[in-house]
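Right, one structure below, let's go through it.
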Amino acid sequence: MRNVVPVMTVLAMLVAFWWVSVAPMNMRAALDVAERAGDTVVPTGSVERRSIPVLRLLLDNPQHIESGYSLKRPRLPTPSQVGAELWKTTGAMVIKGRAFSKRSLIHHGWITLQSTLWGFLLGTTLGILGAIAIVYSRVANMSLMPWAVISQTIPIVALAPMIIVLSNQLGIQERGVPKAIIAAYLCYFPVLVSMVKGLRSPSASELDLLKTYGAGRLQSFLKLRLPASVPFLFTSLKVGIAAALVGTIVGELPTGAISGLGARILIGDQFGTPLAIWSALFAAAILAGVLVTLLDIMQRITLHKMGFRA
Amino acid sequence: MSEPVVQARDLSLTFKTNDGPVHALSNVSLDINQGEFVSFIGPSGCGKTTFLRVIADLETPTGGVVTVNGLSPGEARLKRAYGYVFQAAGLYPWRTIGGNIRLPLEIMGYSKAEKKARVASTLELVELAGFEKKFPWQLSGGMQQRASIARALAFDADILLMDEPFGALDEIVRDHLNEQLLSLWSKTGKTIAFVTHSIPEAVFLSSKIVVMSPRPGRIADVIDSPLPKDRSLEIRDTPEFLEIAHRVREGLRAGHSYD
C-alpha cells in the first residue's frame, strides 16, 4: 500500500488538468448559451466567433468562463458532472432498488462483464493450448506462431462486424456470443506469447536433470514446464482480461446493441449526450481496474503459496 | 577385480559448428572402477564435462564405445544408474528443499513412506536436517548445492556424476563441502566422477586424477593417488600431496598447446 501516495498524486494532477481544460473546451458553447440568454458577448454571433482563437474568447469574456462548468450538454464535462452522472446511474439506482433497470450502468456493466469473462475464459484456454502445441510440436511452432502474430495486425474494428454478421448467419441468437469471440480474439494473444515464453523458461540443465531421471514428456511438462510458467501466466492474464474488456466494448459498438457499456457509448454519441459517454467510459475503466486488481491479488497469493520470492 | 563401472574405448565426439568441427573428445580410453573417486581436471575446452555428459547419455559420442555398468549409457540412464549434480544447484524455486529431493523419487514412482524416509535420510547425510520445509532462496549457495547433492543421492544410484559442483562457491565453503563430500563417499561407497578446474580440490578428493588437455580434448595423464582414503584438510601440506599436485600441474602444462 506504499504506492497510494504516488498514485493519488498522479490522479490529482490528471483531474486538475481535466478540470482546467473544461474552460477552453466549453467556451464556445458557453458563449452561445449566454448570447441566447441576452448577455453581452464579445464578439457577437456564433459564426463570427468561429474564427477567433479560444484563448482570445476566454480573455475577452472572463465573466462567462464559469458557465462553461455547468452546461447541460458540455463538450467536456467536469469531473464532478461525470461523478454525479455515474452516481445517478449506479449508486442512486441501487438505493431506489432499481440496480438492474435498463438505465442503470450496473445493468450495462453486467452485460459487458459477462461477455468479457466468457471471452477471457475462451481466449485464455486457446492461448494456453496453443502455447503447449507450439512448445511441443515443431510443426505447430512454424505454422501457428506467424498466424498468431498476423491475427493481431488486423484492426479489430474491421473484424468485429464480420464476426457479428457471421455468427448471425450461423443462426446464433445469443448476442453475447460474437462479443465473447471478439474478446477472446484480443485476449488469447498475450496469453499465447507469454505461455510460450514461460513453458520454454526452464534452462537446458533443468531439462537435462529430468532426462537423467528418465522422466517422460508428460512428467517433464507437469513437474517442470508448467510450474515454471505460472509467473508468466499471471502477467499475461492481467493483460488478457483488459484486452478482453476492450474487445467486448468494441464488439458492442457496431452491432446496434442496446445494452452493454459499448452500446451506451455509441448511444451517447448518437444522441449528443456526452455525459452518458463519459460515465460509460469511466464505468469501463473502473471495471477493468477491478478485474486487473483481482487477478493481481490472485497472483500474489498463488506465487506466495508456490514459494516464489515476492 | 570386478568389471569396471565405466569403460570407455577410443571415445570421440565431434560437434559440428558454423566455424567447422570441434573435437571435444578424441580417442579417450578410460576405466572407472567400483568405489573410485575420479577427478577430471583441465582447462576449458578439454572435454571433461563432455565426457561426463557422454557417460550420462546427455551427449552421444561420434566414435568409440562406452559402457556404464556393462550397459550402453542410454540403458544405464533409464535404469537410473547414476545421480548427476550440475554446476548450478538448479533447485526448483517452487519446491521446498524436501520437495526438490522428492522430485526424482516422484518420477521414479517410490511409495509415499519410502519417499519420506529417503528425503529424511539424505537430508541427514548432507547435514541439512531441519531445512526440509525451507524454500531454496532461503538457503545459502553452499547449502543449495548440498541440497542438490542430496537430490542426486535420494535414489539408489551407485554412480555420482558431479560437474564442477562447487565451482561457484567461495574457498572456505568449498573446503568445508570437500570434507563433507569425502565423508559422504566413505559412508556410501559410491563411485564418483568429479569435474573440476581446481588442482588442490582434485588432489584432495580423488583416488584417481585424470588430467585432460584441449584441442582436441584428450587425456594427458592418469594419476593414481597414493593418499590414504581417510584424509583431512591438513593433508594438503604434506609432501605427498604437493608431489601429486606438482605432477598434475606438469600434466596441464604439457597439454597446453596455445600457439
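Convention: chains lettered A, B, ... in C-alpha cells order; per-chain residue numbering from 1; ligands numbered from 1 as shown.
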
What are the closest atom pairs, with distances in Å to one decimal, for all residues of chain B lying within 10 Å of chain A? Consider only C-alpha atoms, order rows by chain and residue number, and present the result as CSV.
residue,atom,partner,partner_atom,distance
B:Arg53,CA,A:Asp208,CA,9.7
B:Ala56,CA,A:Thr212,CA,7.0
B:Asp57,CA,A:Thr212,CA,8.0
B:Leu58,CA,A:Asp208,CA,7.1
B:Gly74,CA,A:Gly214,CA,9.5
B:Glu75,CA,A:Gly214,CA,10.0
B:Ala76,CA,A:Thr212,CA,9.8
B:Arg77,CA,A:Thr212,CA,6.1
B:Leu78,CA,A:Gly214,CA,5.2
B:Lys79,CA,A:Gly214,CA,8.1
B:Arg80,CA,A:Tyr213,CA,6.3
B:Ala81,CA,A:Thr212,CA,9.2
B:Tyr82,CA,A:Thr212,CA,7.8
B:Gly83,CA,A:Thr212,CA,7.4
B:Tyr84,CA,A:Thr212,CA,7.1
B:Val85,CA,A:Leu209,CA,8.4
B:Phe86,CA,A:Ser205,CA,7.2
B:Gln87,CA,A:Ser205,CA,9.0
B:Ala88,CA,A:Ser205,CA,8.3
B:Ala89,CA,A:Glu206,CA,9.6
B:Gly90,CA,A:Glu206,CA,6.4
B:Leu91,CA,A:Glu206,CA,8.5
B:Tyr92,CA,A:Leu224,CA,8.0
B:Pro93,CA,A:Phe308,CA,6.1
B:Trp94,CA,A:Gly307,CA,5.0
B:Arg95,CA,A:Gly307,CA,6.9
B:Thr96,CA,A:Gly307,CA,7.6
B:Leu103,CA,A:Lys223,CA,8.1
B:Pro104,CA,A:Tyr213,CA,6.2
B:Leu105,CA,A:Tyr213,CA,9.0
B:Glu106,CA,A:Lys223,CA,9.5
B:Ile107,CA,A:Ala215,CA,6.2
B:Met108,CA,A:Tyr213,CA,7.4
B:Lys134,CA,A:Gly307,CA,9.1
B:Phe135,CA,A:Gly307,CA,6.4
B:Pro136,CA,A:Gly307,CA,8.8
B:Trp137,CA,A:Arg309,CA,7.3
B:Gln138,CA,A:Arg309,CA,9.3
B:Ala152,CA,A:Tyr213,CA,9.5
B:Phe155,CA,A:Tyr213,CA,9.6

Item checked: Test item: residues at most 12 Å from range 224-231 of chain B, only C-alpha atoms, excluding those fewer than 2 positions along its chain, as a PyMOL selection string -> chain B and resi 32+35-39+178-187+189+202-211+221-222+233-245+247-248

Checklist line | Residue set, range 110-156 of chain B restricted to helix (DSSP H, G or I), as a VMD selection string | finding: chain B and resid 112 to 125 136 to 138 141 to 153

Note to self: For the strand (DSSP E or B) assignment from backbone DSSP, which residues of range 38-168 of chain B qualify? Please present them as a ChimeraX atom specification.
What the structure shows: /B:38-41,63-68,71,82-85,159-163

So that I have them on file, write out the residues from the current selection with N, CA, C and O atoms, as a PDB file, in the first residue's frame.
ATOM      1  N   VAL B  38      37.058 -40.388  -9.016  1.00  0.00           N
ATOM      2  CA  VAL B  38      37.880 -39.952 -10.145  1.00  0.00           C
ATOM      3  C   VAL B  38      37.609 -38.484 -10.444  1.00  0.00           C
ATOM      4  O   VAL B  38      36.459 -38.088 -10.647  1.00  0.00           O
ATOM      5  N   SER B  39      38.669 -37.681 -10.438  1.00  0.00           N
ATOM      6  CA  SER B  39      38.524 -36.274 -10.799  1.00  0.00           C
ATOM      7  C   SER B  39      38.999 -36.054 -12.227  1.00  0.00           C
ATOM      8  O   SER B  39      39.976 -36.658 -12.657  1.00  0.00           O
ATOM      9  N   PHE B  40      38.302 -35.181 -12.926  1.00  0.00           N
ATOM     10  CA  PHE B  40      38.712 -34.779 -14.264  1.00  0.00           C
ATOM     11  C   PHE B  40      39.112 -33.318 -14.189  1.00  0.00           C
ATOM     12  O   PHE B  40      38.328 -32.468 -13.785  1.00  0.00           O
ATOM     13  N   ILE B  41      40.366 -33.053 -14.570  1.00  0.00           N
ATOM     14  CA  ILE B  41      40.835 -31.674 -14.467  1.00  0.00           C
ATOM     15  C   ILE B  41      41.454 -31.259 -15.795  1.00  0.00           C
ATOM     16  O   ILE B  41      42.043 -32.085 -16.496  1.00  0.00           O
ATOM     17  N   GLY B  63      32.228 -41.523 -32.034  1.00  0.00           N
ATOM     18  CA  GLY B  63      33.085 -42.667 -32.312  1.00  0.00           C
ATOM     19  C   GLY B  63      33.475 -43.364 -31.034  1.00  0.00           C
ATOM     20  O   GLY B  63      33.427 -42.780 -29.951  1.00  0.00           O
ATOM     21  N   GLY B  64      33.838 -44.647 -31.116  1.00  0.00           N
ATOM     22  CA  GLY B  64      34.270 -45.383 -29.936  1.00  0.00           C
ATOM     23  C   GLY B  64      33.107 -45.966 -29.165  1.00  0.00           C
ATOM     24  O   GLY B  64      31.948 -45.841 -29.568  1.00  0.00           O
ATOM     25  N   VAL B  65      33.445 -46.604 -28.053  1.00  0.00           N
ATOM     26  CA  VAL B  65      32.434 -47.314 -27.263  1.00  0.00           C
ATOM     27  C   VAL B  65      32.543 -46.885 -25.810  1.00  0.00           C
ATOM     28  O   VAL B  65      33.635 -46.682 -25.294  1.00  0.00           O
ATOM     29  N   VAL B  66      31.410 -46.748 -25.150  1.00  0.00           N
ATOM     30  CA  VAL B  66      31.425 -46.513 -23.710  1.00  0.00           C
ATOM     31  C   VAL B  66      30.322 -47.372 -23.088  1.00  0.00           C
ATOM     32  O   VAL B  66      29.237 -47.505 -23.649  1.00  0.00           O
ATOM     33  N   THR B  67      30.661 -48.019 -21.971  1.00  0.00           N
ATOM     34  CA  THR B  67      29.636 -48.774 -21.257  1.00  0.00           C
ATOM     35  C   THR B  67      29.573 -48.284 -19.815  1.00  0.00           C
ATOM     36  O   THR B  67      30.564 -47.838 -19.240  1.00  0.00           O
ATOM     37  N   VAL B  68      28.362 -48.337 -19.253  1.00  0.00           N
ATOM     38  CA  VAL B  68      28.136 -47.973 -17.855  1.00  0.00           C
ATOM     39  C   VAL B  68      27.460 -49.163 -17.184  1.00  0.00           C
ATOM     40  O   VAL B  68      26.390 -49.586 -17.639  1.00  0.00           O
ATOM     41  N   LEU B  71      26.323 -51.668 -19.566  1.00  0.00           N
ATOM     42  CA  LEU B  71      25.245 -51.328 -20.492  1.00  0.00           C
ATOM     43  C   LEU B  71      25.627 -50.100 -21.312  1.00  0.00           C
ATOM     44  O   LEU B  71      26.597 -49.419 -21.006  1.00  0.00           O
ATOM     45  N   TYR B  82      22.822 -43.585 -12.291  1.00  0.00           N
ATOM     46  CA  TYR B  82      23.669 -42.530 -11.743  1.00  0.00           C
ATOM     47  C   TYR B  82      22.839 -41.344 -11.265  1.00  0.00           C
ATOM     48  O   TYR B  82      21.713 -41.135 -11.710  1.00  0.00           O
ATOM     49  N   GLY B  83      23.416 -40.572 -10.353  1.00  0.00           N
ATOM     50  CA  GLY B  83      22.851 -39.276  -9.989  1.00  0.00           C
ATOM     51  C   GLY B  83      23.774 -38.211 -10.545  1.00  0.00           C
ATOM     52  O   GLY B  83      24.994 -38.381 -10.535  1.00  0.00           O
ATOM     53  N   TYR B  84      23.196 -37.125 -11.056  1.00  0.00           N
ATOM     54  CA  TYR B  84      24.012 -36.100 -11.711  1.00  0.00           C
ATOM     55  C   TYR B  84      23.871 -34.792 -10.943  1.00  0.00           C
ATOM     56  O   TYR B  84      22.761 -34.345 -10.655  1.00  0.00           O
ATOM     57  N   VAL B  85      25.006 -34.196 -10.599  1.00  0.00           N
ATOM     58  CA  VAL B  85      24.984 -32.896  -9.917  1.00  0.00           C
ATOM     59  C   VAL B  85      25.551 -31.859 -10.876  1.00  0.00           C
ATOM     60  O   VAL B  85      26.684 -31.991 -11.334  1.00  0.00           O
ATOM     61  N   ILE B 159      26.435 -44.603  -8.943  1.00  0.00           N
ATOM     62  CA  ILE B 159      27.408 -43.677  -9.527  1.00  0.00           C
ATOM     63  C   ILE B 159      26.927 -42.251  -9.293  1.00  0.00           C
ATOM     64  O   ILE B 159      25.739 -41.945  -9.444  1.00  0.00           O
ATOM     65  N   LEU B 160      27.876 -41.403  -8.908  1.00  0.00           N
ATOM     66  CA  LEU B 160      27.562 -39.990  -8.728  1.00  0.00           C
ATOM     67  C   LEU B 160      28.422 -39.207  -9.718  1.00  0.00           C
ATOM     68  O   LEU B 160      29.652 -39.276  -9.663  1.00  0.00           O
ATOM     69  N   LEU B 161      27.775 -38.494 -10.645  1.00  0.00           N
ATOM     70  CA  LEU B 161      28.495 -37.685 -11.623  1.00  0.00           C
ATOM     71  C   LEU B 161      28.363 -36.226 -11.207  1.00  0.00           C
ATOM     72  O   LEU B 161      27.252 -35.716 -11.061  1.00  0.00           O
ATOM     73  N   MET B 162      29.498 -35.565 -10.988  1.00  0.00           N
ATOM     74  CA  MET B 162      29.435 -34.195 -10.480  1.00  0.00           C
ATOM     75  C   MET B 162      30.212 -33.263 -11.400  1.00  0.00           C
ATOM     76  O   MET B 162      31.406 -33.428 -11.611  1.00  0.00           O
ATOM     77  N   ASP B 163      29.511 -32.270 -11.938  1.00  0.00           N
ATOM     78  CA  ASP B 163      30.127 -31.358 -12.902  1.00  0.00           C
ATOM     79  C   ASP B 163      30.414 -30.014 -12.228  1.00  0.00           C
ATOM     80  O   ASP B 163      29.541 -29.164 -12.141  1.00  0.00           O
TER      81      ASP B 163
END

Checklist line | Pairwise distance for CA of Ala133 in chain A and CA of Lys179 in chain A, rounded to one decimal in Å | finding: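 Here the two named atoms are 26.2 Å from each other.
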
Would you list the contacts of Gly42 in chain B as a PDB file with C-alpha atoms, in the first residue's frame, taking every protein, DNA or RNA residue within 9 Å and counting only C-alpha atoms, but skipping same-chain residues closer than 5 positions in sequence?
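To be explicit, this is the file written out as around_38.pdb:
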ATOM      1  CA  GLY B  47      36.221 -32.209 -22.862  1.00  0.00           C
ATOM      2  CA  LYS B  48      35.957 -33.040 -19.159  1.00  0.00           C
ATOM      3  CA  VAL B 195      34.845 -32.473 -12.855  1.00  0.00           C
ATOM      4  CA  THR B 196      36.868 -29.553 -11.516  1.00  0.00           C
ATOM      5  CA  HIS B 197      39.350 -26.921 -12.594  1.00  0.00           C
ATOM      6  CA  SER B 198      40.997 -26.651  -9.185  1.00  0.00           C
ATOM      7  CA  VAL B 210      42.542 -37.654 -14.965  1.00  0.00           C
ATOM      8  CA  VAL B 211      44.404 -34.697 -16.468  1.00  0.00           C
ATOM      9  CA  MET B 212      42.927 -33.578 -19.773  1.00  0.00           C
ATOM     10  CA  SER B 213      44.069 -31.154 -22.457  1.00  0.00           C
ATOM     11  CA  PRO B 214      42.186 -29.271 -25.163  1.00  0.00           C
ATOM     12  CA  LEU B 252      48.337 -29.496 -17.519  1.00  0.00           C
ATOM     13  CA  GLY B 255      48.935 -30.472 -22.583  1.00  0.00           C
TER      14      GLY B 255
END

Item checked: Point-to-point distance in Å for CA of Gly68 in chain A and CA of Val47 in chain A ->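 Taking CA of Val47 in chain A and CA of Gly68 in chain A, their separation equals 18.6 Å.
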
Next item on the list: May I ask for the distance between CA of Gly109 in chain B and CA of Leu125 in chain B, given in Å to one decimal place?
Entry: 22.2 Å

Margin query: Need the shell around Phe166 in chain B: protein/DNA/RNA residues with any atom at most 8 Å away, counting only C-alpha atoms. Skip same-chain ones fewer than 3 positions apart. Format as a list in words?
Written below: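 Within the cut-off, the hits are Gln87, Gly142, Gln145, Leu169, Arg174 and Leu177 of chain B.
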
Give me a file of those residues, with N, CA, C and O atoms, as a PDB file, in the first residue's frame.
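Contents of the output file again.pdb:
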ATOM      1  N   GLN B  87      26.558 -27.890 -12.288  1.00  0.00           N
ATOM      2  CA  GLN B  87      27.342 -26.773 -11.757  1.00  0.00           C
ATOM      3  C   GLN B  87      26.460 -25.817 -10.948  1.00  0.00           C
ATOM      4  O   GLN B  87      26.830 -25.393  -9.866  1.00  0.00           O
ATOM      5  N   GLY B 142      26.037 -22.544  -0.714  1.00  0.00           N
ATOM      6  CA  GLY B 142      26.625 -23.822  -0.336  1.00  0.00           C
ATOM      7  C   GLY B 142      25.568 -24.825   0.114  1.00  0.00           C
ATOM      8  O   GLY B 142      25.636 -26.010  -0.228  1.00  0.00           O
ATOM      9  N   GLN B 145      23.725 -26.159  -2.873  1.00  0.00           N
ATOM     10  CA  GLN B 145      24.474 -27.181  -3.595  1.00  0.00           C
ATOM     11  C   GLN B 145      24.430 -28.508  -2.833  1.00  0.00           C
ATOM     12  O   GLN B 145      24.349 -29.578  -3.432  1.00  0.00           O
ATOM     13  N   LEU B 169      31.325 -21.453  -5.641  1.00  0.00           N
ATOM     14  CA  LEU B 169      31.321 -21.141  -4.211  1.00  0.00           C
ATOM     15  C   LEU B 169      32.670 -20.597  -3.768  1.00  0.00           C
ATOM     16  O   LEU B 169      33.706 -20.848  -4.393  1.00  0.00           O
ATOM     17  N   ARG B 174      33.872 -24.075   0.035  1.00  0.00           N
ATOM     18  CA  ARG B 174      34.306 -25.177  -0.807  1.00  0.00           C
ATOM     19  C   ARG B 174      35.126 -26.202  -0.007  1.00  0.00           C
ATOM     20  O   ARG B 174      34.908 -27.413  -0.130  1.00  0.00           O
ATOM     21  N   LEU B 177      32.743 -28.194   2.084  1.00  0.00           N
ATOM     22  CA  LEU B 177      31.959 -29.143   1.291  1.00  0.00           C
ATOM     23  C   LEU B 177      32.826 -30.302   0.805  1.00  0.00           C
ATOM     24  O   LEU B 177      32.366 -31.443   0.716  1.00  0.00           O
TER      25      LEU B 177
END

Next item on the list: Extract, using only C-alpha atoms, all DNA, RNA and protein residues at most 9 Å from range 185-201 of chain A, discarding same-chain residues fewer than 2 positions from it, and format them as a PyMOL selection string.
Entry: chain A and resi 119-120+122-132+134-135+145+148-149+151-152+156+180-183+203+221+224-237+239-247

Next item on the list: Tell me which protein, DNA and RNA residues are within 9 Å of Gly70 in chain B, counting only C-alpha atoms, leaving out same-chain ones fewer than 4 positions away, and put them as JSON, numbers by chain.
Entry: {"B": [3, 4, 5, 6, 7, 66, 76]}

Generate a file of the selected residues that holds N, CA and C atoms, formatted as a JSON list (two decimals), in the first residue's frame.
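And here's out36.json as it stands now:
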[["chain", "number", "residue", "atom", "x", "y", "z"],
["B", 3, "GLU", "N", 34.35, -56.11, -12.90],
["B", 3, "GLU", "CA", 34.22, -55.31, -14.13],
["B", 3, "GLU", "C", 34.22, -53.82, -13.79],
["B", 4, "PRO", "N", 34.92, -52.98, -14.59],
["B", 4, "PRO", "CA", 34.86, -51.53, -14.33],
["B", 4, "PRO", "C", 33.43, -51.01, -14.46],
["B", 5, "VAL", "N", 33.14, -49.99, -13.65],
["B", 5, "VAL", "CA", 31.79, -49.41, -13.69],
["B", 5, "VAL", "C", 31.59, -48.64, -15.00],
["B", 6, "VAL", "N", 32.61, -47.85, -15.33],
["B", 6, "VAL", "CA", 32.56, -47.13, -16.61],
["B", 6, "VAL", "C", 33.76, -47.56, -17.44],
["B", 7, "GLN", "N", 33.51, -47.91, -18.68],
["B", 7, "GLN", "CA", 34.58, -48.37, -19.55],
["B", 7, "GLN", "C", 34.48, -47.60, -20.86],
["B", 66, "VAL", "N", 31.41, -46.75, -25.15],
["B", 66, "VAL", "CA", 31.42, -46.51, -23.71],
["B", 66, "VAL", "C", 30.32, -47.37, -23.09],
["B", 76, "ALA", "N", 21.65, -47.47, -19.26],
["B", 76, "ALA", "CA", 22.03, -47.20, -17.87],
["B", 76, "ALA", "C", 21.23, -46.03, -17.31]]
